[in-house]
file model_31.cif (mmCIF, C-alpha atoms)
data_upload
#
loop_
_atom_site.label_atom_id
_atom_site.label_comp_id
_atom_site.auth_asym_id
_atom_site.auth_seq_id
_atom_site.Cartn_x
_atom_site.Cartn_y
_atom_site.Cartn_z
CA MET A 1 5.44 -35.57 19.60
CA ILE A 2 1.69 -35.13 20.22
CA ARG A 3 1.95 -37.12 23.47
CA ILE A 4 4.84 -34.90 24.68
CA LEU A 5 2.80 -31.75 23.97
CA ILE A 6 -0.25 -33.22 25.70
CA ALA A 7 1.93 -34.07 28.72
CA ILE A 8 3.22 -30.47 28.83
CA LEU A 9 -0.34 -29.16 28.64
CA GLY A 10 -1.37 -31.58 31.36
CA ILE A 11 1.44 -30.43 33.65
CA CYS A 12 0.46 -26.79 33.09
CA LEU A 13 -3.10 -27.58 34.06
CA SER A 14 -2.26 -29.61 37.16
CA VAL A 15 -2.69 -26.79 39.65
CA ASN A 16 -4.96 -28.63 42.05
CA LEU A 17 -6.24 -32.12 41.36
CA GLN A 18 -9.39 -31.64 43.51
CA SER A 19 -12.60 -30.23 41.94
CA GLN A 20 -11.08 -29.46 38.55
CA ILE A 21 -12.32 -30.21 35.05
CA TYR A 22 -9.78 -30.58 32.26
CA LYS A 23 -10.14 -30.34 28.55
CA ILE A 24 -7.18 -30.72 26.19
CA GLY A 25 -7.30 -30.45 22.42
CA THR A 26 -6.29 -28.70 19.25
CA LEU A 27 -7.46 -25.39 17.80
CA PRO A 28 -6.62 -24.80 14.13
CA GLN A 29 -7.52 -21.38 12.68
CA LEU A 30 -7.43 -19.76 9.25
CA TYR A 31 -7.78 -16.01 8.67
CA ILE A 32 -8.21 -14.47 5.23
CA THR A 33 -8.17 -10.67 5.10
CA SER A 34 -8.99 -8.49 2.14
CA GLN A 35 -8.82 -4.73 1.72
CA LEU A 36 -12.22 -3.29 0.86
CA TYR A 37 -12.86 0.36 0.15
CA LYS A 38 -10.53 2.98 1.71
CA ASP A 39 -9.95 2.06 5.40
CA TYR A 40 -12.30 -0.93 5.45
CA LEU A 41 -10.99 -4.49 5.81
CA LEU A 42 -12.93 -7.75 5.58
CA THR A 43 -11.66 -10.81 7.44
CA PHE A 44 -12.99 -14.32 7.21
CA LYS A 45 -12.07 -16.70 10.00
CA LEU A 46 -12.41 -20.47 10.05
CA GLU A 47 -11.81 -22.24 13.33
CA SER A 48 -12.44 -25.72 14.58
CA ARG A 49 -11.79 -27.42 17.87
CA GLN A 50 -10.88 -31.02 18.49
CA ILE A 51 -10.91 -32.55 21.96
CA ILE A 52 -8.26 -35.12 22.78
CA ASN A 53 -8.97 -35.55 26.48
CA GLU A 54 -11.80 -34.41 28.75
CA GLY A 55 -12.47 -35.24 32.38
CA GLU A 56 -11.41 -34.78 35.97
CA SER A 57 -7.78 -35.57 35.18
CA PRO A 58 -5.56 -34.16 32.43
CA PHE A 59 -3.89 -37.54 32.10
CA SER A 60 -6.87 -39.79 31.43
CA SER A 61 -7.15 -41.75 28.20
CA ILE A 62 -6.81 -40.07 24.82
CA ASN A 63 -10.07 -39.98 22.88
CA PHE A 64 -10.12 -37.73 19.81
CA LYS A 65 -13.39 -36.04 18.81
CA GLN A 66 -14.41 -33.06 16.69
CA GLU A 67 -16.14 -30.65 19.05
CA ARG A 68 -17.07 -27.61 16.98
CA SER A 69 -16.58 -25.67 13.74
CA ASP A 70 -16.88 -21.90 13.44
CA ILE A 71 -17.05 -19.60 10.46
CA SER A 72 -16.84 -15.86 11.13
CA ALA A 73 -16.75 -12.64 9.19
CA PHE A 74 -15.49 -9.30 10.49
CA ILE A 75 -15.57 -5.87 8.97
CA ARG A 76 -12.95 -3.55 10.41
CA LYS A 77 -12.48 0.16 9.88
CA ARG A 78 -9.50 2.25 10.82
CA VAL A 79 -10.75 5.15 12.93
CA GLY A 80 -7.43 6.55 14.15
CA PHE A 81 -3.70 6.27 13.62
CA ASN A 82 -3.53 3.22 15.87
CA SER A 83 -7.16 2.15 16.22
CA LYS A 84 -9.75 0.09 14.39
CA LEU A 85 -13.41 -0.66 15.07
CA ALA A 86 -14.77 -4.09 14.21
CA LEU A 87 -18.17 -5.71 13.73
CA GLY A 88 -18.43 -9.44 13.33
CA TYR A 89 -20.72 -12.41 13.03
CA MET A 90 -19.93 -16.04 13.81
CA HIS A 91 -21.83 -19.17 12.88
CA ARG A 92 -20.98 -22.26 14.95
CA LEU A 93 -21.90 -25.88 14.54
CA GLN A 94 -21.37 -27.88 17.73
CA GLY A 95 -22.75 -31.38 17.57
CA LYS A 96 -26.21 -30.83 16.11
CA ASP A 97 -26.59 -27.36 17.66
CA LEU A 98 -26.20 -24.03 15.89
CA TYR A 99 -24.83 -20.92 17.61
CA HIS A 100 -24.89 -17.32 16.40
CA ARG A 101 -22.53 -14.74 17.82
CA TRP A 102 -22.43 -10.99 17.21
CA THR A 103 -19.23 -9.15 18.04
CA GLN A 104 -18.30 -5.49 18.44
CA GLY A 105 -14.71 -4.54 19.07
CA LEU A 106 -12.02 -1.91 19.29
CA SER A 107 -8.35 -2.67 18.69
CA LEU A 108 -5.38 -0.44 19.42
CA ILE A 109 -2.07 -1.43 17.84
CA TYR A 110 1.25 0.22 18.68
CA LYS A 111 4.52 -0.39 16.89
CA LYS A 112 7.16 0.11 19.57
CA LYS A 113 10.93 0.13 19.10
CA TYR A 114 11.51 -3.59 19.59
CA PHE A 115 8.00 -5.07 19.70
CA ASN A 116 4.39 -4.61 18.64
CA LEU A 117 1.68 -4.19 21.28
CA GLY A 118 -2.02 -4.76 20.74
CA HIS A 119 -4.96 -4.01 23.00
CA ARG A 120 -8.34 -5.46 22.10
CA PHE A 121 -11.73 -4.70 23.67
CA LEU A 122 -14.66 -6.88 22.61
CA CYS A 123 -18.32 -7.31 23.44
CA ASP A 124 -20.05 -10.39 22.12
CA GLN A 125 -23.51 -11.89 22.32
CA THR A 126 -24.08 -15.59 21.62
CA TYR A 127 -27.51 -17.08 20.89
CA SER A 128 -28.60 -20.67 20.43
CA LYS A 129 -31.70 -22.82 20.87
CA ALA A 130 -29.52 -25.25 22.88
CA GLU A 131 -28.57 -22.77 25.63
CA SER A 132 -29.59 -19.44 27.11
CA ALA A 133 -27.98 -16.31 25.67
CA LYS A 134 -24.38 -15.56 26.67
CA TYR A 135 -22.96 -12.07 26.96
CA ARG A 136 -19.26 -11.35 27.32
CA PHE A 137 -16.97 -8.36 27.74
CA ARG A 138 -13.34 -9.11 26.87
CA TYR A 139 -10.00 -7.35 27.16
CA ARG A 140 -6.80 -8.76 25.71
CA TYR A 141 -3.26 -7.49 25.34
CA THR A 142 -0.82 -9.10 22.94
CA LEU A 143 2.92 -8.68 22.47
CA GLU A 144 4.63 -9.59 19.23
CA LEU A 145 8.41 -9.53 19.27
CA PRO A 146 11.19 -10.72 16.96
CA PHE A 147 13.04 -13.86 17.95
CA LYS A 148 16.28 -12.15 16.92
CA GLY A 149 17.12 -8.53 16.29
CA GLN A 150 14.95 -5.43 16.52
CA GLU A 151 12.33 -5.95 13.79
CA ILE A 152 10.19 -8.76 12.45
CA ASN A 153 10.92 -9.22 8.77
CA THR A 154 9.86 -11.68 6.09
CA LYS A 155 11.28 -15.18 6.60
CA GLU A 156 11.94 -14.50 10.26
CA ILE A 157 10.61 -16.05 13.45
CA PHE A 158 8.66 -14.08 16.03
CA ILE A 159 7.14 -14.74 19.44
CA LYS A 160 3.59 -13.81 20.38
CA LEU A 161 2.35 -13.64 23.99
CA GLY A 162 -1.03 -12.56 25.22
CA ASN A 163 -3.41 -12.52 28.15
CA GLU A 164 -7.16 -12.11 27.98
CA TYR A 165 -9.71 -11.37 30.70
CA ILE A 166 -13.35 -12.16 30.03
CA SER A 167 -16.41 -11.24 32.05
CA VAL A 168 -19.28 -13.61 31.22
CA TRP A 169 -22.98 -13.53 31.87
CA GLN A 170 -25.10 -16.58 31.10
CA ASP A 171 -27.90 -17.07 33.64
CA GLU A 172 -25.23 -16.16 36.20
CA GLY A 173 -21.86 -14.40 36.19
CA ASP A 174 -18.53 -16.00 35.47
CA PHE A 175 -14.97 -14.95 34.78
CA GLU A 176 -12.59 -16.48 32.26
CA PHE A 177 -8.84 -16.03 31.95
CA ARG A 178 -6.88 -16.96 28.83
CA THR A 179 -3.20 -16.93 28.06
CA LEU A 180 -1.47 -17.58 24.76
CA ALA A 181 2.15 -18.23 23.89
CA CYS A 182 3.24 -19.08 20.39
CA ILE A 183 6.02 -19.00 17.86
CA GLY A 184 5.31 -17.52 14.47
CA TYR A 185 6.95 -17.27 11.07
CA VAL A 186 6.48 -14.56 8.46
CA LEU A 187 6.12 -15.74 4.90
CA PRO A 188 6.20 -13.44 1.86
CA SER A 189 3.14 -11.30 1.04
CA ASN A 190 2.28 -10.59 4.69
CA THR A 191 1.36 -14.22 5.39
CA LYS A 192 1.95 -15.48 8.92
CA LEU A 193 2.00 -18.91 10.55
CA GLU A 194 1.67 -19.44 14.29
CA LEU A 195 2.00 -22.49 16.52
CA GLY A 196 1.55 -22.41 20.27
CA ILE A 197 -0.37 -23.12 23.44
CA ASP A 198 -3.73 -21.54 24.32
CA TYR A 199 -4.66 -22.01 27.98
CA ARG A 200 -8.08 -21.05 29.40
CA ALA A 201 -9.59 -21.20 32.87
CA ASN A 202 -13.21 -20.44 33.69
CA GLN A 203 -15.73 -21.10 36.46
CA ILE A 204 -12.98 -19.53 38.56
CA PHE A 205 -15.27 -18.47 41.39
CA THR A 206 -17.04 -21.83 41.66
CA ASP A 207 -16.15 -25.14 43.34
CA GLN A 208 -15.12 -26.69 40.05
CA ILE A 209 -12.60 -24.70 38.00
CA ALA A 210 -12.55 -25.68 34.34
CA HIS A 211 -9.13 -25.76 32.68
CA GLN A 212 -8.70 -25.94 28.94
CA GLY A 213 -5.44 -26.31 27.07
CA TYR A 214 -5.19 -26.27 23.28
CA LEU A 215 -2.43 -26.75 20.81
CA TYR A 216 -3.14 -23.78 18.63
CA PHE A 217 -2.04 -23.20 15.06
CA ALA A 218 -3.09 -20.32 12.89
CA PHE A 219 -2.54 -19.23 9.33
CA TYR A 220 -3.04 -15.56 8.42
CA LEU A 221 -3.43 -14.92 4.73
CA LYS A 222 -3.75 -11.57 3.01
CA PRO A 223 -4.22 -12.13 -0.73
CA MET B 224 -25.24 -21.05 -2.03
CA ARG B 225 -22.20 -22.48 -3.83
CA HIS B 226 -22.51 -19.69 -6.41
CA ILE B 227 -22.54 -17.00 -3.69
CA LEU B 228 -19.55 -18.60 -1.92
CA SER B 229 -17.57 -18.63 -5.19
CA ILE B 230 -18.25 -14.92 -5.70
CA VAL B 231 -17.19 -14.15 -2.11
CA ILE B 232 -13.94 -16.14 -2.47
CA LEU B 233 -13.14 -14.50 -5.83
CA TYR B 234 -13.78 -11.07 -4.30
CA LEU B 235 -11.39 -11.79 -1.42
CA PHE B 236 -8.63 -12.59 -3.89
CA GLN B 237 -9.11 -9.51 -6.08
CA ILE B 238 -6.11 -7.35 -6.86
CA ASN B 239 -6.49 -3.87 -5.39
CA ILE B 240 -5.62 -1.01 -7.67
CA LEU B 241 -3.61 1.56 -5.74
CA GLN B 242 -3.11 5.14 -6.77
CA GLY B 243 -0.19 7.49 -6.20
CA GLN B 244 3.52 6.88 -5.59
CA ILE B 245 3.86 3.77 -3.52
CA LYS B 246 6.85 2.67 -1.49
CA PHE B 247 7.28 -0.83 -2.70
CA GLU B 248 9.89 -2.58 -0.59
CA LYS B 249 10.55 -6.26 -0.04
CA GLU B 250 13.25 -7.21 2.42
CA LYS B 251 14.88 -10.56 2.77
CA ARG B 252 17.31 -11.45 5.51
CA ILE B 253 20.61 -12.74 4.09
CA LYS B 254 23.86 -14.12 5.44
CA GLU B 255 27.14 -12.22 5.34
CA LYS B 256 28.51 -14.59 2.73
CA ASP B 257 25.84 -13.33 0.28
CA VAL B 258 26.85 -9.68 0.72
CA PRO B 259 29.20 -8.01 -1.85
CA GLU B 260 32.74 -7.65 -0.51
CA ALA B 261 32.78 -3.88 -1.07
CA ALA B 262 29.87 -3.51 1.38
CA LEU B 263 31.53 -5.74 3.99
CA ASN B 264 34.77 -3.73 3.64
CA PHE B 265 32.89 -0.44 4.12
CA ILE B 266 31.45 -1.68 7.43
CA LYS B 267 34.86 -2.93 8.55
CA ASP B 268 36.57 0.36 7.57
CA SER B 269 33.91 2.34 9.46
CA ASN B 270 35.07 0.64 12.68
CA ILE B 271 31.58 -0.70 13.35
CA ASP B 272 32.33 -3.34 15.94
CA LYS B 273 28.73 -4.41 16.54
CA ALA B 274 27.07 -7.27 14.65
CA MET B 275 24.95 -5.97 11.80
CA LYS B 276 21.97 -7.76 10.26
CA TRP B 277 22.14 -7.90 6.48
CA TYR B 278 19.16 -7.63 4.15
CA GLN B 279 18.64 -7.75 0.43
CA GLU B 280 16.05 -5.18 -0.51
CA ILE B 281 13.97 -4.96 -3.67
CA ASN B 282 12.23 -1.63 -4.10
CA GLN B 283 10.98 0.73 -6.80
CA SER B 284 14.63 1.72 -7.58
CA GLY B 285 15.93 -1.84 -7.95
CA THR B 286 17.95 -4.20 -5.76
CA SER B 287 20.15 -3.09 -2.89
CA PHE B 288 21.81 -4.39 0.27
CA GLU B 289 21.28 -2.98 3.70
CA ALA B 290 23.14 -3.40 6.98
CA LYS B 291 21.11 -2.67 10.10
CA GLY B 292 22.18 -2.53 13.69
CA ILE B 293 22.68 -0.43 16.77
CA TYR B 294 25.93 1.53 16.85
CA MET B 295 26.87 4.38 19.19
CA HIS B 296 23.43 3.96 20.86
CA SER B 297 21.53 4.70 17.64
CA LYS B 298 19.82 2.52 15.05
CA HIS B 299 21.89 2.63 11.85
CA SER B 300 20.76 1.52 8.37
CA ILE B 301 23.56 1.57 5.81
CA GLU B 302 22.45 1.01 2.24
CA PHE B 303 24.58 -0.26 -0.66
CA ASN B 304 23.77 -0.76 -4.33
CA LYS B 305 23.87 -4.23 -5.86
CA SER B 306 27.63 -3.94 -6.48
CA GLY B 307 28.21 -3.15 -2.80
CA HIS B 308 28.97 0.57 -3.20
CA ILE B 309 27.59 2.87 -0.54
CA GLU B 310 24.35 4.72 -1.29
CA ASP B 311 23.45 6.32 2.04
CA VAL B 312 23.60 6.09 5.83
CA GLU B 313 20.46 6.54 7.86
CA ILE B 314 20.49 7.07 11.61
CA GLU B 315 17.31 7.10 13.66
CA VAL B 316 16.86 10.23 15.78
CA GLU B 317 14.30 11.54 18.27
CA ARG B 318 12.11 14.55 17.47
CA LYS B 319 13.95 16.64 20.02
CA GLN B 320 17.29 16.00 18.28
CA LEU B 321 16.20 17.93 15.17
CA PRO B 322 17.03 21.65 14.91
CA ILE B 323 13.96 23.60 16.06
CA LYS B 324 13.50 25.40 12.72
CA THR B 325 13.82 22.17 10.73
CA LEU B 326 11.23 20.38 12.89
CA ALA B 327 8.88 23.37 12.68
CA SER B 328 9.22 23.43 8.88
CA ILE B 329 8.45 19.70 8.62
CA GLU B 330 5.46 19.90 10.95
CA ASN B 331 4.12 23.03 9.24
CA TYR B 332 4.25 21.26 5.89
CA LEU B 333 2.44 18.18 7.19
CA SER B 334 -0.26 20.16 9.00
CA ARG B 335 -0.78 22.27 5.87
CA GLU B 336 -1.08 19.31 3.48
CA TYR B 337 -3.07 16.83 5.62
CA GLU B 338 -6.07 16.79 7.97
CA ALA B 339 -3.95 15.19 10.72
CA PHE B 340 -0.52 13.60 11.08
CA LYS B 341 1.65 11.77 13.57
CA LEU B 342 5.41 11.37 13.14
CA LYS B 343 6.37 7.73 13.74
CA LYS B 344 10.04 7.66 12.85
CA ILE B 345 12.68 10.21 11.88
CA GLN B 346 16.03 9.33 10.38
CA LYS B 347 18.82 11.65 9.38
CA GLN B 348 20.10 10.57 5.98
CA TRP B 349 23.72 11.11 4.95
CA THR B 350 24.77 10.84 1.29
CA GLY B 351 28.16 11.51 -0.28
CA LYS B 352 31.56 9.98 -0.96
CA ALA B 353 32.40 6.75 0.82
CA GLU B 354 35.48 8.16 2.60
CA PHE B 355 33.47 11.05 4.10
CA LEU B 356 30.63 8.72 5.13
CA LYS B 357 33.09 6.39 6.87
CA ALA B 358 34.61 9.36 8.72
CA SER B 359 31.12 10.52 9.74
CA ILE B 360 30.13 7.07 11.06
CA LYS B 361 33.40 6.76 13.03
CA SER B 362 33.05 10.18 14.64
CA GLY B 363 29.26 10.25 14.93
CA GLN B 364 29.35 13.75 13.40
CA LYS B 365 28.41 14.74 9.84
CA HIS B 366 31.41 15.55 7.65
CA PRO B 367 31.04 19.03 6.00
CA ASP B 368 31.09 17.44 2.52
CA ILE B 369 28.19 15.09 3.31
CA GLN B 370 24.66 16.02 2.27
CA LEU B 371 22.03 15.82 5.02
CA ASN B 372 18.34 15.06 4.52
CA TYR B 373 15.64 13.87 6.90
CA GLU B 374 13.55 10.81 6.13
CA CYS B 375 10.32 10.74 8.14
CA VAL B 376 7.70 8.02 8.41
CA ALA B 377 4.37 9.50 9.40
CA PHE B 378 0.76 8.49 9.80
CA ILE B 379 -1.39 10.97 7.89
CA LYS B 380 -5.12 11.48 7.49
CA SER B 381 -6.23 12.64 4.06
CA ASP B 382 -9.73 12.55 2.52
CA GLY B 383 -10.89 10.68 5.61
CA GLU B 384 -8.35 7.89 5.07
CA TYR B 385 -5.48 6.92 7.35
CA ARG B 386 -2.21 6.06 5.63
CA SER B 387 1.51 5.70 6.32
CA TYR B 388 3.89 7.74 4.20
CA GLU B 389 7.66 8.08 3.99
CA PHE B 390 8.69 11.70 3.43
CA LEU B 391 12.04 13.13 2.47
CA PHE B 392 12.87 16.63 3.71
CA SER B 393 16.02 18.71 3.21
CA ALA B 394 18.30 19.71 6.08
CA ASN B 395 16.15 22.85 6.45
CA GLY B 396 12.91 20.88 6.53
CA ASP B 397 11.85 21.65 2.94
CA TYR B 398 9.68 18.97 1.32
CA LYS B 399 11.41 16.85 -1.35
CA SER B 400 9.36 13.68 -1.94
CA ALA B 401 6.78 11.28 -0.49
CA PHE B 402 5.97 7.60 -0.91
CA LYS B 403 2.91 5.78 0.40
CA ILE B 404 3.85 2.76 2.55
CA ILE B 405 2.05 -0.57 2.33
CA GLU B 406 1.86 -1.59 5.97
CA ASP B 407 2.62 -4.94 7.54
CA SER B 408 -0.42 -6.98 8.41
CA ARG B 409 -1.30 -6.87 12.13
CA THR B 410 -4.29 -9.19 11.87
CA ASN B 411 -2.58 -11.70 14.14
CA ILE B 412 -2.53 -9.25 17.06
CA GLU B 413 -5.91 -7.70 16.30
CA PHE B 414 -7.68 -11.07 16.45
#
call {"tool": "encode", "arguments": {"input": "model_31.cif", "output": "C-alpha cells"}}
result
Amino acid sequence: MIRILIAILGICLSVNLQSQIYKIGTLPQLYITSQLYKDYLLTFKLESRQIINEGESPFSSINFKQERSDISAFIRKRVGFNSKLALGYMHRLQGKDLYHRWTQGLSLIYKKKYFNLGHRFLCDQTYSKAESAKYRFRYRYTLELPFKGQEINTKEIFIKLGNEYISVWQDEGDFEFRTLACIGYVLPSNTKLELGIDYRANQIFTDQIAHQGYLYFAFYLKP
Amino acid sequence: MRHILSIVILYLFQINILQGQIKFEKEKRIKEKDVPEAALNFIKDSNIDKAMKWYQEINQSGTSFEAKGIYMHSKHSIEFNKSGHIEDVEIEVERKQLPIKTLASIENYLSREYEAFKLKKIQKQWTGKAEFLKASIKSGQKHPDIQLNYECVAFIKSDGEYRSYEFLFSANGDYKSAFKIIEDSRTNIEF
C-alpha cells in the first residue's frame, strides 16, 4: 500500500524530469485544543516529518529517515463572528539543529450552506544558528465539505481541499505553493481524523524547482 | 521540566464549567431500518419523494429522531419523539421570506439585548396534529390549525464574548427562549 501511494506521489511530481529536486515522505500531526478563558483557545501541535525518498528522481530507492520534529503552541482569540487572531511559537529539532519560529495569524471561517470555507493569513519568522533568519507571509484557503449530504456530522466522512501561497525571504526571495487534499472522519466529542496528500513546490523562480510530496495524517483532539 | 509538562497536560484536559442554558445536542446518523415505523409512515404519507437522511438525536429534552433533506427547494428537518410520533417540522427560510414586522421584532430584540448580532440561520417551525402537519408539508403552506414559531441561530456578542445561540420567537417575532450552542471544532481548517 505504501509503495502504491509513493508511486502516486511520484507521478504527481513528475512535471519535468530536468532540474528538479524531489522529496517524498510522511507528515503525521497531532493537535490538542483546549478552551481557556472566554474567547481564548490554546492549541498544542506536534508534527514530525519522515523522508522516504530524496533526490533528482521521485522513483529512486526508498530510504526512510526521520527528518524533523516540531512542537508548537498557539493562543487564539475570537475577535469577530467569523474571525480569530493567533499567536504561536514553534520549537523544531532537525538533526542536531534547533529552530525557533514565531507566528502571527488571522483566520476567517465561514459556514456556508453545503461546505465550510476557511481563509488563513500568517506571518512567521524562523531563527536558528544553523541558517540565516527566514521570514514568510502566507495565505491559504481551505474547503471542508461532506462526502454525502449537506452537513458534516459525527461518524461521517468529509473531504478537505486547500491551496496555500507563501512568499519567503531568506537571504533572497522565494515563492512556495502548497496544495492539500484529504479525507477526514468525525469522531464523537469534536475529534477529527484526516488522511491525505500534501504537495509543495518551492524555488519556483530558480533553475531547480523543489517538489515535496507527503502522506499526511492528522488527529484533532478537543478534550 | 517533567513536572511542568504534567501540569500543562492536566490543564489541557480540564473540564470547563459552562454557565447558562446550553443547547446540548448529539446527532448520530442512522439507517432507515433503525427508525420507528410511525416516523417512516409519516414521511411516506407526506408524499416526500426525496431521500431523507435519518439521525438519532440526544439533547437536553431526551432522545428523538430527525429526518433531514431538501424538499420543494427548501431544507426540511422533521423531528419525531422516540416512539416515532411527530414533534415538529422545521423549514429553513431566507431573511427576506419573513414578514417585515416579524423580522423587525426579532432584530429589535437582538439589538436591544446584545452588543452585536448576526443571524446565521432562520427556520420556520410548525407544531400541531400529525394530519395537519402532513397537509402542510404536501401543500407547502401552513394549515390554519398549525402553530408557527421561528427558530433562529445567531452569532451574538455579549460582555465582549462571541457566542452562538439558538432563539425561539413567536410568529409575531416575540422572544420565547434561548439556548447557547456549543460549536463544532474548526481547528482543522484554521490550522
call {"tool": "closest_residue", "arguments": {"input": "model_31.cif", "among": "B:Cys375, B:Leu391, B:Ile412, B:Ile345", "to": "chain A", "atoms": "only C-alpha atoms"}}
result
B:Ile412
call {"tool": "resolve_selection", "arguments": {"input": "model_31.cif", "expression": "the PyMOL selection byres ((chain B and resi 273-283) around 10)", "output": "VMD selection string"}}
result
(chain A and resid 148 to 150 153) or (chain B and resid 244 to 258 263 266 270 to 272 284 to 295 299 to 305)
call {"tool": "resolve_selection", "arguments": {"input": "model_31.cif", "expression": "the PyMOL selection byres ((chain B) within 10 of (chain A))", "output": "PyMOL selection string"}}
result
chain B and resi 232+234-239+249-253+275-276+278+291-293+298+339-341+343-344+377-380+382-387+406-414
call {"tool": "write_last_selection", "arguments": {"input": "model_31.cif", "atoms": "C-alpha atoms", "output": "mmCIF file, in the coordinates of the input"}}
result
data_model
loop_
_atom_site.group_PDB
_atom_site.id
_atom_site.type_symbol
_atom_site.label_atom_id
_atom_site.label_comp_id
_atom_site.auth_asym_id
_atom_site.auth_seq_id
_atom_site.Cartn_x
_atom_site.Cartn_y
_atom_site.Cartn_z
ATOM 1 C CA ILE B 232 -13.940 -16.140 -2.470
ATOM 2 C CA TYR B 234 -13.780 -11.070 -4.300
ATOM 3 C CA LEU B 235 -11.390 -11.790 -1.420
ATOM 4 C CA PHE B 236 -8.630 -12.590 -3.890
ATOM 5 C CA GLN B 237 -9.110 -9.510 -6.080
ATOM 6 C CA ILE B 238 -6.110 -7.350 -6.860
ATOM 7 C CA ASN B 239 -6.490 -3.870 -5.390
ATOM 8 C CA LYS B 249 10.550 -6.260 -0.040
ATOM 9 C CA GLU B 250 13.250 -7.210 2.420
ATOM 10 C CA LYS B 251 14.880 -10.560 2.770
ATOM 11 C CA ARG B 252 17.310 -11.450 5.510
ATOM 12 C CA ILE B 253 20.610 -12.740 4.090
ATOM 13 C CA MET B 275 24.950 -5.970 11.800
ATOM 14 C CA LYS B 276 21.970 -7.760 10.260
ATOM 15 C CA TYR B 278 19.160 -7.630 4.150
ATOM 16 C CA LYS B 291 21.110 -2.670 10.100
ATOM 17 C CA GLY B 292 22.180 -2.530 13.690
ATOM 18 C CA ILE B 293 22.680 -0.430 16.770
ATOM 19 C CA LYS B 298 19.820 2.520 15.050
ATOM 20 C CA ALA B 339 -3.950 15.190 10.720
ATOM 21 C CA PHE B 340 -0.520 13.600 11.080
ATOM 22 C CA LYS B 341 1.650 11.770 13.570
ATOM 23 C CA LYS B 343 6.370 7.730 13.740
ATOM 24 C CA LYS B 344 10.040 7.660 12.850
ATOM 25 C CA ALA B 377 4.370 9.500 9.400
ATOM 26 C CA PHE B 378 0.760 8.490 9.800
ATOM 27 C CA ILE B 379 -1.390 10.970 7.890
ATOM 28 C CA LYS B 380 -5.120 11.480 7.490
ATOM 29 C CA ASP B 382 -9.730 12.550 2.520
ATOM 30 C CA GLY B 383 -10.890 10.680 5.610
ATOM 31 C CA GLU B 384 -8.350 7.890 5.070
ATOM 32 C CA TYR B 385 -5.480 6.920 7.350
ATOM 33 C CA ARG B 386 -2.210 6.060 5.630
ATOM 34 C CA SER B 387 1.510 5.700 6.320
ATOM 35 C CA GLU B 406 1.860 -1.590 5.970
ATOM 36 C CA ASP B 407 2.620 -4.940 7.540
ATOM 37 C CA SER B 408 -0.420 -6.980 8.410
ATOM 38 C CA ARG B 409 -1.300 -6.870 12.130
ATOM 39 C CA THR B 410 -4.290 -9.190 11.870
ATOM 40 C CA ASN B 411 -2.580 -11.700 14.140
ATOM 41 C CA ILE B 412 -2.530 -9.250 17.060
ATOM 42 C CA GLU B 413 -5.910 -7.700 16.300
ATOM 43 C CA PHE B 414 -7.680 -11.070 16.450
#
call {"tool": "atom_distance", "arguments": {"input": "model_31.cif", "atom1": "atom CA of A:Ile24", "atom2": "atom CA of A:Asp174"}}
result
20.8 Å
call {"tool": "closest_residue", "arguments": {"input": "model_31.cif", "among": "A:Ala133, A:Leu87, A:Ile204, A:Ile166", "to": "A:Ser72", "atoms": "only C-alpha atoms"}}
result
A:Leu87
call {"tool": "atom_distance", "arguments": {"input": "model_31.cif", "atom1": "atom CA of B:Tyr388", "atom2": "atom CA of B:Ile314"}}
result
18.2 Å
call {"tool": "resolve_selection", "arguments": {"input": "model_31.cif", "expression": "the PyMOL selection byres ((chain A and resi 179) around 10)", "output": "ChimeraX atom specification"}}
result
/A:140-142,161-165,177-178,180-181,197-201,213
call {"tool": "residues_around", "arguments": {"input": "model_31.cif", "residues": "A:Asp70", "least_positions_apart": "2", "cutoff": "7 Å", "atoms": "only C-alpha atoms", "output": "count of residues only"}}
result
9
call {"tool": "residues_near_point", "arguments": {"input": "model_31.cif", "point": "(-10.9, -24.7, 34.9)", "cutoff": "9 Å", "atoms": "all atoms listed in the file", "output": "PyMOL selection string"}}
result
chain A and resi 13+20-23+176+200-204+208-212
call {"tool": "residues_around", "arguments": {"input": "model_31.cif", "residues": "stretch 94-101 of chain A", "least_positions_apart": "4", "cutoff": "12 Å", "atoms": "only C-alpha atoms", "output": "NGL selection string"}}
result
:A and (47-50 or 65-74 or 87-90 or 123-136)
call {"tool": "closest_residue", "arguments": {"input": "model_31.cif", "among": "B:Gly396, B:Ile404, B:Ser297, B:Phe355", "to": "B:Ile323", "atoms": "only C-alpha atoms"}}
result
B:Gly396
call {"tool": "residues_around", "arguments": {"input": "model_31.cif", "residues": "B:Trp349", "least_positions_apart": "2", "cutoff": "9 Å", "atoms": "all atoms listed in the file", "output": "number ranges by chain"}}
result
B: 310-314, 347, 351, 356, 359, 365, 369-373
call {"tool": "atom_distance", "arguments": {"input": "model_31.cif", "atom1": "atom CA of B:Ala401", "atom2": "atom CA of B:Glu315"}}
result
18.1 Å
call {"tool": "closest_residue", "arguments": {"input": "model_31.cif", "among": "A:Pro146, A:Leu215, A:Phe205, A:Ile62", "to": "A:Val186", "atoms": "all atoms listed in the file"}}
result
A:Pro146
